[in-house]
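Coordinates from coords_21.cif are shown below (mmCIF, C-alpha atoms).
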data_start
#
loop_
_atom_site.group_PDB
_atom_site.id
_atom_site.type_symbol
_atom_site.label_atom_id
_atom_site.label_comp_id
_atom_site.auth_asym_id
_atom_site.auth_seq_id
_atom_site.Cartn_x
_atom_site.Cartn_y
_atom_site.Cartn_z
ATOM 1 C CA HIS A 1 33.728 44.092 1.432
ATOM 2 C CA THR A 2 33.721 40.460 2.564
ATOM 3 C CA ALA A 3 30.925 41.015 5.073
ATOM 4 C CA ALA A 4 28.769 42.745 2.462
ATOM 5 C CA ARG A 5 29.546 40.015 -0.080
ATOM 6 C CA VAL A 6 28.228 37.242 2.184
ATOM 7 C CA GLY A 7 25.094 39.264 2.972
ATOM 8 C CA HIS A 8 25.948 40.863 6.367
ATOM 9 C CA ARG A 9 25.511 44.495 5.388
ATOM 10 C CA GLY A 10 24.747 45.523 8.950
ATOM 11 C CA VAL A 11 28.016 44.037 10.164
ATOM 12 C CA ALA A 12 29.926 45.851 7.394
ATOM 13 C CA ALA A 13 28.309 49.199 8.219
ATOM 14 C CA ALA A 14 28.801 48.737 11.979
ATOM 15 C CA GLY A 15 32.484 47.820 11.534
ATOM 16 C CA GLY A 16 33.132 50.860 9.379
ATOM 17 C CA ALA A 17 31.315 53.148 11.838
ATOM 18 C CA VAL A 18 33.267 51.792 14.842
ATOM 19 C CA PHE A 19 36.603 52.225 13.054
ATOM 20 C CA LEU A 20 35.783 55.775 11.988
ATOM 21 C CA ALA A 21 34.538 56.709 15.457
ATOM 22 C CA GLY A 22 37.759 55.402 17.006
ATOM 23 C CA TYR A 23 39.875 57.213 14.435
ATOM 24 C CA VAL A 24 38.130 60.531 14.997
ATOM 25 C CA ALA A 25 38.137 60.133 18.800
ATOM 26 C CA THR A 26 41.858 59.398 18.993
ATOM 27 C CA GLY A 27 43.020 61.894 16.383
ATOM 28 C CA PRO A 28 43.541 65.649 16.868
ATOM 29 C CA GLY A 29 40.425 67.660 16.215
ATOM 30 C CA THR A 30 41.612 69.469 13.139
ATOM 31 C CA GLN A 31 40.156 70.050 9.731
ATOM 32 C CA HIS A 32 42.808 67.780 8.288
ATOM 33 C CA VAL A 33 41.657 64.843 10.421
ATOM 34 C CA ALA A 34 38.030 65.501 9.498
ATOM 35 C CA GLU A 35 38.911 65.397 5.809
ATOM 36 C CA ARG A 36 40.823 62.129 6.228
ATOM 37 C CA ALA A 37 37.905 60.645 8.179
ATOM 38 C CA GLY A 38 35.566 61.580 5.332
ATOM 39 C CA LEU A 39 37.946 59.970 2.866
ATOM 40 C CA LEU A 40 38.032 56.758 4.925
ATOM 41 C CA ALA A 41 34.247 56.798 5.104
ATOM 42 C CA GLY A 42 34.155 56.981 1.331
ATOM 43 C CA TRP A 43 36.475 53.987 1.069
ATOM 44 C CA PHE A 44 34.322 52.023 3.496
ATOM 45 C CA LEU A 45 31.229 52.876 1.444
ATOM 46 C CA CYS A 46 32.987 51.765 -1.752
ATOM 47 C CA ALA A 47 33.949 48.473 -0.108
ATOM 48 C CA VAL A 48 30.343 47.828 0.918
ATOM 49 C CA VAL A 49 29.020 48.719 -2.534
ATOM 50 C CA THR A 50 31.533 46.489 -4.325
ATOM 51 C CA GLY A 51 30.713 43.659 -1.930
ATOM 52 C CA LEU A 52 27.008 44.003 -2.668
ATOM 53 C CA ALA A 53 27.694 44.201 -6.396
ATOM 54 C CA ASP A 54 29.792 41.046 -6.227
ATOM 55 C CA ARG A 55 27.034 39.276 -4.277
ATOM 56 C CA ASN A 56 24.370 40.302 -6.797
ATOM 57 C CA TRP A 57 26.583 39.218 -9.702
ATOM 58 C CA GLN A 58 27.130 35.773 -8.189
ATOM 59 C CA ALA A 59 23.378 35.438 -7.581
ATOM 60 C CA TYR A 60 22.721 36.411 -11.193
ATOM 61 C CA LEU A 61 25.166 33.795 -12.450
ATOM 62 C CA ARG A 62 23.517 31.110 -10.303
ATOM 63 C CA GLN A 63 20.069 32.068 -11.562
ATOM 64 C CA THR A 64 21.278 32.022 -15.162
ATOM 65 C CA GLU A 65 22.752 28.566 -14.718
ATOM 66 C CA GLN A 66 19.576 27.341 -13.041
ATOM 67 C CA ARG A 67 17.424 28.710 -15.856
ATOM 68 C CA ALA A 68 19.633 27.019 -18.434
ATOM 69 C CA LEU A 69 19.331 23.691 -16.648
ATOM 70 C CA GLU A 70 15.571 24.133 -16.271
ATOM 71 C CA ALA A 71 15.206 25.045 -19.945
ATOM 72 C CA GLU A 72 17.134 21.935 -20.940
ATOM 73 C CA ARG A 73 14.975 19.762 -18.678
ATOM 74 C CA THR A 74 11.719 21.218 -19.980
ATOM 75 C CA ARG A 75 12.905 20.800 -23.564
ATOM 76 C CA GLU A 76 13.604 17.134 -22.905
ATOM 77 C CA GLU A 77 10.216 16.637 -21.258
ATOM 78 C CA ALA A 78 8.444 18.441 -24.092
ATOM 79 C CA ALA A 79 10.292 16.319 -26.657
ATOM 80 C CA LEU A 80 9.314 13.125 -24.833
ATOM 81 C CA ARG A 81 5.707 14.273 -24.597
ATOM 82 C CA ARG A 82 5.575 15.120 -28.314
ATOM 83 C CA ALA A 83 7.137 11.758 -29.161
ATOM 84 C CA GLY A 84 4.525 9.968 -27.060
ATOM 85 C CA GLU A 85 1.686 11.909 -28.685
ATOM 86 C CA GLU A 86 3.081 11.111 -32.120
ATOM 87 C CA ARG A 87 3.276 7.395 -31.254
ATOM 88 C CA LEU A 88 -0.356 7.434 -30.151
ATOM 89 C CA ARG A 89 -1.384 9.218 -33.345
ATOM 90 C CA ILE A 90 0.418 6.657 -35.475
ATOM 91 C CA ALA A 91 -1.147 3.830 -33.462
ATOM 92 C CA ARG A 92 -4.632 5.261 -34.023
ATOM 93 C CA GLU A 93 -4.019 5.654 -37.753
ATOM 94 C CA LEU A 94 -2.722 2.099 -38.064
ATOM 95 C CA HIS A 95 -5.610 0.725 -36.070
ATOM 96 C CA ASP A 96 -8.249 2.640 -38.037
ATOM 97 C CA SER A 97 -6.847 1.841 -41.488
ATOM 98 C CA LEU A 98 -4.768 -1.339 -41.586
ATOM 99 C CA THR A 99 -6.592 -3.349 -38.921
ATOM 100 C CA HIS A 100 -9.931 -2.954 -40.667
ATOM 101 C CA SER A 101 -8.541 -3.793 -44.098
ATOM 102 C CA ILE A 102 -6.592 -6.836 -42.930
ATOM 103 C CA SER A 103 -9.598 -8.089 -40.972
ATOM 104 C CA ILE A 104 -11.735 -7.922 -44.142
ATOM 105 C CA VAL A 105 -9.091 -9.817 -46.136
ATOM 106 C CA LYS A 106 -8.856 -12.510 -43.467
ATOM 107 C CA LEU A 107 -12.636 -12.815 -43.224
ATOM 108 C CA GLN A 108 -13.138 -13.124 -46.974
ATOM 109 C CA ALA A 109 -10.330 -15.659 -47.274
ATOM 110 C CA GLY A 110 -11.847 -17.697 -44.445
ATOM 111 C CA VAL A 111 -15.302 -17.646 -46.054
ATOM 112 C CA ALA A 112 -13.849 -18.713 -49.424
ATOM 113 C CA VAL A 113 -11.965 -21.643 -47.815
ATOM 114 C CA HIS A 114 -15.095 -22.715 -45.896
ATOM 115 C CA LEU A 115 -17.296 -22.632 -49.020
ATOM 116 C CA ALA A 116 -14.742 -24.575 -51.030
ATOM 117 C CA ARG A 117 -14.520 -27.308 -48.416
ATOM 118 C CA LYS A 118 -18.298 -27.380 -48.036
ATOM 119 C CA ARG A 119 -18.690 -28.033 -51.791
ATOM 120 C CA GLY A 120 -15.994 -30.666 -51.652
ATOM 121 C CA ASP A 121 -13.674 -28.718 -53.907
ATOM 122 C CA GLU A 122 -9.942 -28.579 -53.461
ATOM 123 C CA VAL A 123 -8.925 -25.383 -51.686
ATOM 124 C CA PRO A 124 -6.422 -23.429 -53.807
ATOM 125 C CA PRO A 125 -3.016 -23.134 -52.098
ATOM 126 C CA ALA A 126 -2.976 -19.399 -52.839
ATOM 127 C CA LEU A 127 -6.199 -18.960 -50.862
ATOM 128 C CA LEU A 128 -4.777 -20.857 -47.903
ATOM 129 C CA ALA A 129 -1.642 -18.745 -48.097
ATOM 130 C CA ILE A 130 -3.750 -15.582 -48.056
ATOM 131 C CA GLN A 131 -5.677 -16.798 -45.015
ATOM 132 C CA GLU A 132 -2.489 -17.675 -43.123
ATOM 133 C CA ALA A 133 -0.680 -14.497 -44.123
ATOM 134 C CA SER A 134 -3.598 -12.267 -43.086
ATOM 135 C CA GLY A 135 -3.788 -13.957 -39.683
ATOM 136 C CA GLU A 136 -0.056 -13.496 -39.184
ATOM 137 C CA ALA A 137 -0.328 -9.868 -40.281
ATOM 138 C CA MET A 138 -3.055 -9.260 -37.693
ATOM 139 C CA ARG A 139 -0.891 -10.713 -34.926
ATOM 140 C CA GLU A 140 2.115 -8.643 -35.979
ATOM 141 C CA LEU A 141 -0.001 -5.490 -36.214
ATOM 142 C CA ARG A 142 -1.388 -6.019 -32.707
ATOM 143 C CA SER A 143 2.146 -6.397 -31.358
ATOM 144 C CA ALA A 144 3.230 -3.200 -33.136
ATOM 145 C CA LEU A 145 0.232 -1.296 -31.754
ATOM 146 C CA GLN A 146 1.039 -2.440 -28.217
ATOM 147 C CA VAL A 147 4.574 -1.115 -28.587
ATOM 148 C CA LEU A 148 3.371 2.202 -29.998
ATOM 149 C CA ARG A 149 0.776 2.611 -27.268
ATOM 150 C CA ALA A 150 3.269 1.835 -24.495
ATOM 151 C CA ASP A 151 3.385 5.037 -22.469
ATOM 152 C CA GLU A 152 4.506 3.933 -19.038
ATOM 153 C CA PRO A 153 5.416 6.621 -16.485
ATOM 154 C CA THR A 154 9.111 7.049 -15.829
ATOM 155 C CA GLY A 155 8.569 7.382 -12.088
ATOM 156 C CA THR A 156 6.056 8.549 -9.512
ATOM 157 C CA PRO A 157 4.650 11.961 -8.517
ATOM 158 C CA ALA A 158 6.992 11.890 -5.514
ATOM 159 C CA LEU A 159 9.960 11.454 -7.863
ATOM 160 C CA LEU A 160 8.720 14.363 -9.966
ATOM 161 C CA VAL A 161 8.621 16.526 -6.842
ATOM 162 C CA GLU A 162 12.190 15.524 -5.958
ATOM 163 C CA ARG A 163 13.364 16.397 -9.458
ATOM 164 C CA ALA A 164 11.646 19.782 -9.268
ATOM 165 C CA ARG A 165 13.300 20.487 -5.912
ATOM 166 C CA ALA A 166 16.687 19.538 -7.325
ATOM 167 C CA ALA A 167 16.065 22.024 -10.150
ATOM 168 C CA GLY A 168 15.506 24.799 -7.605
ATOM 169 C CA LEU A 169 11.683 24.877 -7.409
ATOM 170 C CA ALA A 170 10.235 25.123 -3.898
ATOM 171 C CA VAL A 171 7.719 22.252 -3.786
ATOM 172 C CA ASP A 172 5.811 20.679 -0.901
ATOM 173 C CA LEU A 173 4.097 17.295 -1.305
ATOM 174 C CA THR A 174 1.201 16.111 0.840
ATOM 175 C CA VAL A 175 -0.356 12.663 0.414
ATOM 176 C CA THR A 176 -3.532 11.647 2.247
ATOM 177 C CA GLY A 177 -5.314 8.332 2.243
ATOM 178 C CA ASP A 178 -3.910 4.876 1.688
ATOM 179 C CA GLU A 179 -1.510 4.750 -1.234
ATOM 180 C CA ARG A 180 -2.292 1.718 -3.355
ATOM 181 C CA PRO A 181 -1.807 0.437 -6.889
ATOM 182 C CA LEU A 182 -4.042 2.295 -9.320
ATOM 183 C CA PRO A 183 -5.441 1.281 -12.688
ATOM 184 C CA ARG A 184 -2.781 1.830 -15.321
ATOM 185 C CA ALA A 185 -4.710 4.600 -17.089
ATOM 186 C CA VAL A 186 -5.391 6.465 -13.819
ATOM 187 C CA ASP A 187 -1.790 6.072 -12.655
ATOM 188 C CA LEU A 188 -0.441 7.374 -15.965
ATOM 189 C CA THR A 189 -2.848 10.309 -16.033
ATOM 190 C CA ALA A 190 -2.007 11.315 -12.445
ATOM 191 C CA TYR A 191 1.704 11.224 -13.277
ATOM 192 C CA ARG A 192 1.263 13.372 -16.393
ATOM 193 C CA ILE A 193 -0.901 15.925 -14.555
ATOM 194 C CA VAL A 194 1.701 16.447 -11.823
ATOM 195 C CA GLN A 195 4.482 16.530 -14.411
ATOM 196 C CA GLU A 196 2.764 19.145 -16.559
ATOM 197 C CA ALA A 197 1.719 21.276 -13.582
ATOM 198 C CA LEU A 198 5.253 21.360 -12.164
ATOM 199 C CA THR A 199 6.712 22.112 -15.586
ATOM 200 C CA ASN A 200 4.328 25.033 -16.070
ATOM 201 C CA ALA A 201 5.086 26.333 -12.570
ATOM 202 C CA ALA A 202 8.825 26.217 -13.252
ATOM 203 C CA ARG A 203 8.424 27.992 -16.596
ATOM 204 C CA HIS A 204 5.795 30.621 -15.832
ATOM 205 C CA ALA A 205 5.358 31.088 -12.073
ATOM 206 C CA GLY A 206 8.777 32.614 -11.409
ATOM 207 C CA PRO A 207 10.344 32.201 -7.947
ATOM 208 C CA ALA A 208 7.146 30.741 -6.517
ATOM 209 C CA LYS A 209 6.273 28.130 -3.939
ATOM 210 C CA VAL A 210 4.324 25.131 -5.191
ATOM 211 C CA ARG A 211 2.143 22.805 -3.152
ATOM 212 C CA VAL A 212 1.163 19.360 -4.459
ATOM 213 C CA ARG A 213 -1.610 17.476 -2.701
ATOM 214 C CA ILE A 214 -2.703 13.945 -3.630
ATOM 215 C CA ASP A 215 -5.689 12.357 -1.913
ATOM 216 C CA TYR A 216 -6.488 8.673 -2.361
ATOM 217 C CA GLY A 217 -10.264 8.802 -2.086
ATOM 218 C CA THR A 218 -10.741 10.216 1.425
ATOM 219 C CA GLY A 219 -12.395 13.437 0.280
ATOM 220 C CA ASN A 220 -10.205 15.543 2.591
ATOM 221 C CA THR A 221 -8.995 17.855 -0.177
ATOM 222 C CA GLY A 222 -12.385 18.700 -1.623
ATOM 223 C CA GLY A 223 -12.816 15.685 -3.878
ATOM 224 C CA ALA A 224 -15.486 13.049 -3.510
ATOM 225 C CA VAL A 225 -14.902 9.856 -1.593
ATOM 226 C CA GLY A 226 -13.647 7.245 -4.046
ATOM 227 C CA GLU A 227 -11.902 9.773 -6.296
ATOM 228 C CA LEU A 228 -8.216 10.422 -6.735
ATOM 229 C CA ALA A 229 -7.831 14.158 -6.071
ATOM 230 C CA ILE A 230 -4.763 16.010 -7.361
ATOM 231 C CA ASP A 231 -4.242 19.673 -6.445
ATOM 232 C CA VAL A 232 -1.211 21.672 -7.581
ATOM 233 C CA ASP A 233 -1.108 25.315 -6.414
ATOM 234 C CA ASP A 234 1.558 27.987 -6.787
ATOM 235 C CA ASP A 235 1.786 31.578 -5.592
ATOM 236 C CA GLY A 236 3.375 32.860 -8.775
ATOM 237 C CA ALA A 237 2.590 35.780 -11.038
ATOM 238 C CA ALA A 238 -0.591 34.462 -12.705
ATOM 239 C CA ASP A 239 -3.355 37.078 -12.881
ATOM 240 C CA PRO A 240 -7.070 36.085 -12.688
ATOM 241 C CA ASP A 241 -7.892 38.963 -15.028
ATOM 242 C CA ARG A 242 -5.599 37.549 -17.714
ATOM 243 C CA PRO A 243 -6.229 33.802 -17.989
ATOM 244 C CA PRO A 244 -3.599 31.951 -20.024
ATOM 245 C CA VAL A 245 -4.288 30.591 -23.476
ATOM 246 C CA PRO A 246 -4.488 26.776 -23.190
ATOM 247 C CA GLY A 247 -1.482 25.200 -24.820
ATOM 248 C CA THR A 248 -0.648 21.644 -25.751
ATOM 249 C CA GLY A 249 0.065 20.677 -22.152
ATOM 250 C CA LEU A 250 -3.251 21.870 -20.681
ATOM 251 C CA THR A 251 -5.173 20.503 -23.649
ATOM 252 C CA GLY A 252 -3.489 17.120 -23.238
ATOM 253 C CA MET A 253 -4.345 17.066 -19.532
ATOM 254 C CA ARG A 254 -8.007 17.796 -20.264
ATOM 255 C CA GLU A 255 -8.139 15.054 -22.878
ATOM 256 C CA ARG A 256 -6.579 12.486 -20.554
ATOM 257 C CA VAL A 257 -8.888 13.374 -17.661
ATOM 258 C CA GLY A 258 -11.954 13.483 -19.902
ATOM 259 C CA ALA A 259 -11.171 10.050 -21.318
ATOM 260 C CA LEU A 260 -11.349 8.629 -17.776
ATOM 261 C CA GLY A 261 -14.599 10.407 -16.925
ATOM 262 C CA GLY A 262 -12.912 12.813 -14.516
ATOM 263 C CA THR A 263 -12.874 16.579 -14.174
ATOM 264 C CA LEU A 264 -10.067 19.110 -14.508
ATOM 265 C CA SER A 265 -9.816 22.782 -13.570
ATOM 266 C CA ALA A 266 -6.720 24.801 -14.459
ATOM 267 C CA ALA A 267 -6.890 28.558 -13.972
ATOM 268 C CA PRO A 268 -5.330 31.490 -12.069
ATOM 269 C CA ARG A 269 -6.347 31.806 -8.417
ATOM 270 C CA ALA A 270 -8.208 34.815 -7.057
ATOM 271 C CA GLU A 271 -5.440 35.439 -4.507
ATOM 272 C CA GLY A 272 -2.742 35.144 -7.185
ATOM 273 C CA GLY A 273 -0.875 32.233 -8.644
ATOM 274 C CA PHE A 274 -2.182 29.244 -10.579
ATOM 275 C CA ALA A 275 -4.168 26.199 -9.502
ATOM 276 C CA VAL A 276 -4.701 22.798 -11.115
ATOM 277 C CA ARG A 277 -7.532 20.637 -9.756
ATOM 278 C CA ALA A 278 -8.005 17.119 -11.106
ATOM 279 C CA ARG A 279 -10.523 14.503 -9.966
ATOM 280 C CA LEU A 280 -10.136 10.985 -11.321
ATOM 281 C CA PRO A 281 -12.473 8.067 -10.579
ATOM 282 C CA LEU A 282 -10.689 5.220 -8.821
ATOM 283 C CA GLY A 283 -11.148 1.603 -9.768
ATOM 284 C CA GLU A 284 -9.513 -1.741 -9.343
ATOM 285 C CA ALA A 285 -5.832 -1.845 -10.244
ATOM 286 C CA VAL A 286 -4.994 -3.704 -13.432
#

Can you turn what I pasted into structure tokens?
Amino acid sequence: HTAARVGHRGVAAAGGAVFLAGYVATGPGTQHVAERAGLLAGWFLCAVVTGLADRNWQAYLRQTEQRALEAERTREEAALRRAGEERLRIARELHDSLTHSISIVKLQAGVAVHLARKRGDEVPPALLAIQEASGEAMRELRSALQVLRADEPTGTPALLVERARAAGLAVDLTVTGDERPLPRAVDLTAYRIVQEALTNAARHAGPAKVRVRIDYGTGNTGGAVGELAIDVDDDGAADPDRPPVPGTGLTGMRERVGALGGTLSAAPRAEGGFAVRARLPLGEAV
């Protein structure tokens, strides 16, 4: 039972066979002994079966716990992503509506003050207050927009790979070229692409192996020289004949890459599994 439980089924079967062979060889050759040997064989078989059942049950419990932890992690990441998208939406709305209106108020107040001084008239205090208040409102609005647009990565692609490994996903990371500081937008986009690709692999690929390759402009992974190439492949259950419906994650990746003038391909592979290919133009770090 113990040998079968730890995965040595051959050892369990061999031990039972040796014991039975010794019992039969040393016992009298009667029908009674043969019946008892058959009974012992049945007990040995039961011990092996219960050991295997115990092993499978423990494996099932570990997988269930791992899935629960992975589900919690993906829920947290999805919540953070939705919160970031909502902040950006609010920032765009504020910029498109309030910034324009406040700028018009400030401009008109400034023109009125200038004309009054040009004519030699006394500038009304209310007009000066409007001009000062509108300028202060513009400064405060810019500060609020900067806070809302703050979307700094919480780590690096290498840290994402380590987190995925800790969650039980088999991930290999390969980096080619000279790692260097990237422009903030490129760095953020690269981080989000790797994050989304690993999250999708953990959720949909099953017990698959994932390979992450990042090339800093050498062109060794199929990208052009001067481009940041990001490839994330898995050998999961994706079928080329049934391409997935793009969700929020894939759509967000395409929007981020498109905003930088890059290209993105995310589709099942012909040999099975899923592949994400991103090419981002490199520039000077800011």

- Message: Could you tell me, as an NGL selection string, exactly which residues end up selected when the PyMOL selection byres ((chain A and resi 180-194) around 10) is applied to this structure?
- Response: :A and (81 or 151-161 or 177-179 or 195-200 or 212-214 or 216 or 228-232 or 249-250 or 252-257 or 259-260 or 262 or 264 or 276-286)

- Message: Translate the PyMOL selection byres ((chain A and resi 55) around 12) into a concrete residue list for this structure, as a PyMOL selection string.
- Response: chain A and resi 1-9+48-54+56-62

- Message: Can you pull out the residues contacting Leu145 (chain A)? Cut-off 9 Å, using all atoms listed in the file, and skip same-chain residues under 6 positions away; I want them as a list in words.
- Response: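 Listed by chain and then number, they are Leu88, Ile90, Ala91, Arg92, Leu94 and His95 of chain A.
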
- Skipping near chain neighbours, those fewer than 3 positions away, what residues fall within 8 Å of Asp239 (chain A) using only C-alpha atoms, listed as a ChimeraX atom specification? /A:242-243,268-270,272-273

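When CA of Glu76 (chain A) is paired with CA of Arg89 (chain A), their separation reads 19.9 Å.
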
- Please measure the separation of CA of Ala275 (chain A) and CA of Ala71 (chain A), giving the value in Å to one decimal.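 Between these atoms lies a distance of 22.0 Å.
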
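Of the residues under consideration (A:Glu70, A:Asp215, A:Asp233, A:Glu136), A:Glu70 shows the shortest atom-to-atom contact distance to Arg163 (chain A) when counting all atoms listed in the file.
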
As lines of an AutoDock Vina configuration file, please report the centre and edge lengths, rounded to one decimal in Å, of the axis-aligned box that holds all listed atoms of region 263-273 of chain A with 3 Å of padding on each of the six sides.
center_x = -6.9
center_y = 26.0
center_z = -9.5
size_x = 18.0
size_y = 24.9
size_z = 16.0

- Item | Residues matched by the PyMOL selection byres ((chain A and resi 127) around 10), written as a PyMOL selection string | chain A and resi 108-110+112-113+123-126+128-133

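Between Ala17 (chain A) and the residues A:Asp241, A:Arg36, A:Ala41, A:Gly226, the shortest atom-to-atom distance, using only C-alpha atoms, involves A:Ala41.
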
- Task: May I ask which of the residues A:Ala12, A:Ala164, A:Leu98, A:Ala170 is the closest one to Ala144 (chain A), counting only C-alpha atoms?
- Result: A:Leu98

- Query: What does the distance from CA of Gly38 (chain A) to CA of Leu20 (chain A) come to in Å, to one decimal?
  - Reply: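 These two atoms are separated by 8.8 Å.
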
- Query: If I put a ball of radius 12 Å at (18.6, 24.0, -14.2) in the file's coordinates, which residues poke into it when counting all atoms listed in the file, written as a ChimeraX atom specification?
  - Reply: /A:61-75,163-169,202-203

- Message: Between A:Phe19, A:Ala267, A:Leu173, A:His114, which residue has the minimum interatomic distance to Leu40 (chain A), considering only C-alpha atoms?
- Response: A:Phe19

- Which residue of A:Met138, A:Ala116, A:Val18, A:Ala238 approaches Ile104 (chain A) most closely, using only C-alpha atoms: A:Met138
